[in-house]
Amino acid sequence: MERTLCRLFAEVLGVEWVGVEDGFFDLGGHSLLATRLVSRVRSELGVELSVGVVFETPTVAALARGVESGEGGKGLDVLLPLRPYGSRVPLFCVHPAGGISWPYSGLLRHIDADHPVYGLQARGLSGAETPHTTVEEIAADYLRQIRTVRPNGPYHLLGWSFGGIVAHAIATRLQDEGEEVALLAVLDTYPLAAVAAEESPPEAGDRDIRGMFLDVLADGAYPLDEEILTALCHSHAQHERAAKEHRPRRFHGEMDLFIATEEPTDHRTATWRTPDTWAPYIDGDIRTHDVPSTHDHLMTQRALDHIGPVIARGLGRP
């Protein structure tokens with residue numbers, strides 16, 4: 001099994017050789033190639049896998065264990081081990097409003113291979129659990145998950161969109177407990193607590209949310225069945241409400257803010273899509289980084305070519 005998977009990994013990735021402990025995404029894999037890998041496994045081994053399994057078990061050895069045991073999941077666990085190995089401080093990436101962290105796999109090629117990388121994903125996507133309804137509940141849950149692999153600091157936190165609000169809330173909780181947060185980075189995230197109701201973004205309808213996911217995720221890279229798509233839409237709507245109701249506390253430290261410069265902005269959103277919106281909630285410097293992208297496409301390789309090196313430098317800061 002492992003020998004066959006090593007060969008399939010190599011063929012799909014276009015490399016000469018793959019070891020059993022090599023990670024699919026560390027070797028240059030991305031979501032579209034993960035889809036091709038699942039297709040090759042199905043045709044050669046007669047095994048049905050969801051593409052989420054590759055995100056959940058990205059090494060040959062781990063994928064082989066899942067295939068042989070028949071216990072491969074859908075990649076929807078709360079703690080997603082995108083790269084579970086390495087001796088340096090891990091990077092924890094919090095999902096956007098939809099709830100999944102699969103797109104962070106594209107970041108791995110920019111991060112030193114000795115840094116583990118984990119995604120945090122929403123509860124309830126698989127239908128087996130009740131999702132949380134407030135940012136503070138989510139932050140407390142994710143912090144418990146983080147501590148299963150990193151009991152003590154320093155901590156590195158990254159969040160995209162709604163995930164940035166949660167990452168900030170986790171950071172303030174850690175500081176309350178006397179822990180060090182060495183990196184807090186948010187991707188085009190802005191706290192909505194101080195935004196006037198007439199300037200706040202309107203709540204997206206179900207059709208709008210579905211259209212966004214089909215555009216961003218289901219372009220052939222992330223095949224979404226109806227069950228997962230429905231769960232993502234529900235998660236997005238719930239997290240939108242939670243973000244508007246959340247009242248952030250003050251983080252005593254610096255923050256990296258990535259700004260999607262191609263996001264359409266009108267007179268209403270221009271008032272709060274600014275670093276100044278974060279000023280009441282950050283004690284230290286707010287370092288801004290322009291990214292030529294829209295908000296929804298910040299995990300494309302074009303955008304990650306700007307984001308990745310900055311995160312890598314942040315992880316290397318003493």
# chains A, B, ... in the order shown; residues from 1 in each chain; ligands from 1
>>> residues_around(residues="A:Leu157", least_positions_apart="4", cutoff="7 Å", atoms="only C-alpha atoms", output="PDB file with N, CA, C and O atoms, in the first residue's frame")
ATOM      1  N   LEU A  91       2.371  26.807  13.779  1.00  0.00           N
ATOM      2  CA  LEU A  91       1.488  27.881  13.338  1.00  0.00           C
ATOM      3  C   LEU A  91       0.061  27.337  13.351  1.00  0.00           C
ATOM      4  O   LEU A  91      -0.208  26.290  12.769  1.00  0.00           O
ATOM      5  N   PHE A  92      -0.837  28.066  14.021  1.00  0.00           N
ATOM      6  CA  PHE A  92      -2.240  27.669  14.085  1.00  0.00           C
ATOM      7  C   PHE A  92      -3.069  28.647  13.249  1.00  0.00           C
ATOM      8  O   PHE A  92      -3.028  29.861  13.490  1.00  0.00           O
ATOM      9  N   CYS A  93      -3.806  28.112  12.282  1.00  0.00           N
ATOM     10  CA  CYS A  93      -4.544  28.917  11.308  1.00  0.00           C
ATOM     11  C   CYS A  93      -6.043  28.738  11.527  1.00  0.00           C
ATOM     12  O   CYS A  93      -6.549  27.616  11.451  1.00  0.00           O
ATOM     13  N   ALA A 167      -8.770  34.550  16.088  1.00  0.00           N
ATOM     14  CA  ALA A 167      -7.353  34.509  16.450  1.00  0.00           C
ATOM     15  C   ALA A 167      -7.027  35.602  17.466  1.00  0.00           C
ATOM     16  O   ALA A 167      -6.281  35.374  18.430  1.00  0.00           O
ATOM     17  N   LEU A 183       3.305  35.684  17.515  1.00  0.00           N
ATOM     18  CA  LEU A 183       2.824  36.134  16.211  1.00  0.00           C
ATOM     19  C   LEU A 183       1.307  36.141  16.213  1.00  0.00           C
ATOM     20  O   LEU A 183       0.665  35.132  16.522  1.00  0.00           O
ATOM     21  N   LEU A 184       0.741  37.297  15.867  1.00  0.00           N
ATOM     22  CA  LEU A 184      -0.692  37.420  15.619  1.00  0.00           C
ATOM     23  C   LEU A 184      -0.832  38.087  14.258  1.00  0.00           C
ATOM     24  O   LEU A 184      -0.412  39.237  14.073  1.00  0.00           O
ATOM     25  N   ALA A 185      -1.378  37.372  13.306  1.00  0.00           N
ATOM     26  CA  ALA A 185      -1.532  37.884  11.944  1.00  0.00           C
ATOM     27  C   ALA A 185      -2.958  37.648  11.484  1.00  0.00           C
ATOM     28  O   ALA A 185      -3.522  36.570  11.705  1.00  0.00           O
TER      29      ALA A 185
END
>>> residues_around(residues="A:Asp176", least_positions_apart="6", cutoff="12 Å", atoms="only C-alpha atoms", output="JSON, numbers by chain")
{"A": [169, 170, 249, 250, 251, 252]}
>>> residues_around(residues="A:Gly66", least_positions_apart="3", cutoff="12 Å", atoms="only C-alpha atoms", output="ChimeraX atom specification")
/A:1-2,47-50,53-54,56-63,69-75
>>> write_last_selection(atoms="C-alpha atoms", output="compact mmCIF listing (two decimals), in the first residue's frame")
# COMPACT_ATOMS: atom_id res chain seq x y z
CA MET A 1 0.00 0.00 0.00
CA GLU A 2 2.69 2.52 1.00
CA VAL A 47 -10.76 2.90 -2.76
CA GLU A 48 -13.24 5.75 -2.43
CA LEU A 49 -11.74 8.72 -0.60
CA SER A 50 -12.96 12.25 -0.03
CA VAL A 53 -8.78 12.93 3.70
CA VAL A 54 -5.66 14.27 1.99
CA GLU A 56 -6.40 15.31 7.26
CA THR A 57 -3.67 12.72 6.52
CA PRO A 58 -1.20 14.41 4.15
CA THR A 59 1.70 11.93 4.42
CA VAL A 60 1.93 8.58 2.63
CA ALA A 61 2.15 6.72 5.92
CA ALA A 62 -0.88 8.42 7.45
CA LEU A 63 -2.97 8.07 4.30
CA SER A 69 -8.29 0.74 8.34
CA GLY A 70 -11.20 2.18 6.41
CA GLU A 71 -11.33 5.02 8.93
CA GLY A 72 -10.51 7.91 6.61
CA GLY A 73 -12.60 10.94 7.50
CA LYS A 74 -13.80 13.93 5.51
CA GLY A 75 -11.14 16.35 6.72
>>> atom_distance(atom1="atom CA of A:Phe24", atom2="atom CA of A:Gly86")
15.1 Å
>>> atom_distance(atom1="atom CA of A:Val20", atom2="atom CA of A:Glu44")
18.2 Å
>>> residues_around(residues="A:Leu8", least_positions_apart="5", cutoff="10 Å", atoms="only C-alpha atoms", output="ChimeraX atom specification")
/A:2-3,13-14,18,36-38,40-41,44,60
>>> write_last_selection(atoms="C-alpha atoms", output="short mmCIF file (atom, residue, chain, number, x, y, z; two decimals), in the first residue's frame")
data_model
loop_
_atom_site.label_atom_id
_atom_site.label_comp_id
_atom_site.auth_asym_id
_atom_site.auth_seq_id
_atom_site.Cartn_x
_atom_site.Cartn_y
_atom_site.Cartn_z
CA GLU A 2 2.69 2.52 1.00
CA ARG A 3 4.78 1.69 -2.08
CA LEU A 13 3.32 15.92 -7.92
CA GLY A 14 5.74 15.48 -10.79
CA VAL A 18 8.47 10.44 -2.32
CA ARG A 36 -6.18 14.25 -8.86
CA LEU A 37 -4.53 12.11 -6.20
CA VAL A 38 -7.91 10.95 -4.88
CA ARG A 40 -5.74 8.05 -8.99
CA VAL A 41 -6.18 6.20 -5.69
CA GLU A 44 -5.64 2.05 -9.02
CA VAL A 60 1.93 8.58 2.63
#
>>> residues_around(residues="stretch 110-124 of chain A", least_positions_apart="4", cutoff="6 Å", atoms="only C-alpha atoms", output="VMD selection string")
chain A and resid 78 to 95 99 to 101 129 to 131 308 312
>>> write_last_selection(atoms="N, CA, C and O atoms", output="mmCIF file, in the first residue's frame")
data_model
loop_
_atom_site.group_PDB
_atom_site.id
_atom_site.type_symbol
_atom_site.label_atom_id
_atom_site.label_comp_id
_atom_site.auth_asym_id
_atom_site.auth_seq_id
_atom_site.Cartn_x
_atom_site.Cartn_y
_atom_site.Cartn_z
ATOM 1 N N VAL A 78 -12.043 19.346 14.064
ATOM 2 C CA VAL A 78 -11.779 20.709 14.537
ATOM 3 C C VAL A 78 -10.300 21.057 14.394
ATOM 4 O O VAL A 78 -9.953 22.146 13.929
ATOM 5 N N LEU A 79 -9.422 20.150 14.778
ATOM 6 C CA LEU A 79 -7.986 20.375 14.622
ATOM 7 C C LEU A 79 -7.506 19.612 13.394
ATOM 8 O O LEU A 79 -7.515 18.380 13.371
ATOM 9 N N LEU A 80 -7.106 20.344 12.364
ATOM 10 C CA LEU A 80 -6.708 19.750 11.094
ATOM 11 C C LEU A 80 -5.183 19.767 10.984
ATOM 12 O O LEU A 80 -4.575 20.835 10.877
ATOM 13 N N PRO A 81 -4.521 18.598 10.996
ATOM 14 C CA PRO A 81 -3.051 18.545 10.985
ATOM 15 C C PRO A 81 -2.485 18.680 9.573
ATOM 16 O O PRO A 81 -2.134 17.704 8.921
ATOM 17 N N LEU A 82 -2.389 19.899 9.078
ATOM 18 C CA LEU A 82 -1.863 20.118 7.733
ATOM 19 C C LEU A 82 -0.402 19.689 7.635
ATOM 20 O O LEU A 82 0.034 19.173 6.616
ATOM 21 N N ARG A 83 0.342 19.940 8.704
ATOM 22 C CA ARG A 83 1.723 19.436 8.813
ATOM 23 C C ARG A 83 1.973 19.153 10.294
ATOM 24 O O ARG A 83 2.342 20.061 11.044
ATOM 25 N N PRO A 84 1.762 17.935 10.742
ATOM 26 C CA PRO A 84 1.804 17.639 12.180
ATOM 27 C C PRO A 84 3.194 17.377 12.740
ATOM 28 O O PRO A 84 3.315 17.009 13.903
ATOM 29 N N TYR A 85 4.226 17.534 11.950
ATOM 30 C CA TYR A 85 5.581 17.220 12.403
ATOM 31 C C TYR A 85 6.456 18.464 12.320
ATOM 32 O O TYR A 85 6.138 19.436 11.643
ATOM 33 N N GLY A 86 7.601 18.410 13.024
ATOM 34 C CA GLY A 86 8.526 19.534 13.071
ATOM 35 C C GLY A 86 8.836 19.901 14.502
ATOM 36 O O GLY A 86 7.990 19.736 15.395
ATOM 37 N N SER A 87 10.041 20.397 14.759
ATOM 38 C CA SER A 87 10.488 20.662 16.130
ATOM 39 C C SER A 87 10.317 22.116 16.558
ATOM 40 O O SER A 87 10.506 22.446 17.732
ATOM 41 N N ARG A 88 9.944 22.996 15.627
ATOM 42 C CA ARG A 88 9.817 24.416 15.960
ATOM 43 C C ARG A 88 8.380 24.743 16.366
ATOM 44 O O ARG A 88 7.503 23.888 16.358
ATOM 45 N N VAL A 89 8.155 25.996 16.736
ATOM 46 C CA VAL A 89 6.842 26.415 17.237
ATOM 47 C C VAL A 89 5.802 26.303 16.118
ATOM 48 O O VAL A 89 6.015 26.804 15.002
ATOM 49 N N PRO A 90 4.664 25.657 16.378
ATOM 50 C CA PRO A 90 3.642 25.493 15.330
ATOM 51 C C PRO A 90 2.969 26.812 14.958
ATOM 52 O O PRO A 90 2.959 27.782 15.722
ATOM 53 N N LEU A 91 2.371 26.807 13.779
ATOM 54 C CA LEU A 91 1.488 27.881 13.338
ATOM 55 C C LEU A 91 0.061 27.337 13.351
ATOM 56 O O LEU A 91 -0.208 26.290 12.769
ATOM 57 N N PHE A 92 -0.837 28.066 14.021
ATOM 58 C CA PHE A 92 -2.240 27.669 14.085
ATOM 59 C C PHE A 92 -3.069 28.647 13.249
ATOM 60 O O PHE A 92 -3.028 29.861 13.490
ATOM 61 N N CYS A 93 -3.806 28.112 12.282
ATOM 62 C CA CYS A 93 -4.544 28.917 11.308
ATOM 63 C C CYS A 93 -6.043 28.738 11.527
ATOM 64 O O CYS A 93 -6.549 27.616 11.451
ATOM 65 N N VAL A 94 -6.735 29.838 11.754
ATOM 66 C CA VAL A 94 -8.170 29.774 12.062
ATOM 67 C C VAL A 94 -8.984 30.027 10.791
ATOM 68 O O VAL A 94 -8.709 30.964 10.028
ATOM 69 N N HIS A 95 -9.990 29.209 10.591
ATOM 70 C CA HIS A 95 -10.843 29.231 9.401
ATOM 71 C C HIS A 95 -11.555 30.562 9.200
ATOM 72 O O HIS A 95 -11.839 31.283 10.154
ATOM 73 N N GLY A 99 -15.867 28.027 7.752
ATOM 74 C CA GLY A 99 -15.583 27.015 8.762
ATOM 75 C C GLY A 99 -14.483 26.038 8.450
ATOM 76 O O GLY A 99 -14.046 25.311 9.335
ATOM 77 N N ILE A 100 -13.995 25.949 7.180
ATOM 78 C CA ILE A 100 -12.953 24.971 6.869
ATOM 79 C C ILE A 100 -11.600 25.664 6.665
ATOM 80 O O ILE A 100 -11.530 26.805 6.233
ATOM 81 N N SER A 101 -10.538 24.900 6.961
ATOM 82 C CA SER A 101 -9.172 25.421 6.848
ATOM 83 C C SER A 101 -8.369 24.745 5.741
ATOM 84 O O SER A 101 -7.148 24.911 5.682
ATOM 85 N N GLU A 129 -22.035 17.480 15.595
ATOM 86 C CA GLU A 129 -21.862 18.308 16.784
ATOM 87 C C GLU A 129 -22.657 19.592 16.639
ATOM 88 O O GLU A 129 -22.980 20.038 15.530
ATOM 89 N N THR A 130 -22.929 20.201 17.781
ATOM 90 C CA THR A 130 -23.621 21.487 17.796
ATOM 91 C C THR A 130 -22.598 22.610 17.686
ATOM 92 O O THR A 130 -21.659 22.677 18.486
ATOM 93 N N PRO A 131 -22.717 23.489 16.700
ATOM 94 C CA PRO A 131 -21.737 24.567 16.560
ATOM 95 C C PRO A 131 -21.878 25.610 17.659
ATOM 96 O O PRO A 131 -22.951 25.776 18.246
ATOM 97 N N GLY A 308 2.799 34.555 2.227
ATOM 98 C CA GLY A 308 3.665 33.516 2.769
ATOM 99 C C GLY A 308 5.009 33.995 3.281
ATOM 100 O O GLY A 308 5.400 33.678 4.414
ATOM 101 N N ALA A 312 6.400 33.719 7.101
ATOM 102 C CA ALA A 312 7.643 32.979 7.366
ATOM 103 C C ALA A 312 8.629 33.827 8.155
ATOM 104 O O ALA A 312 9.267 33.333 9.091
#
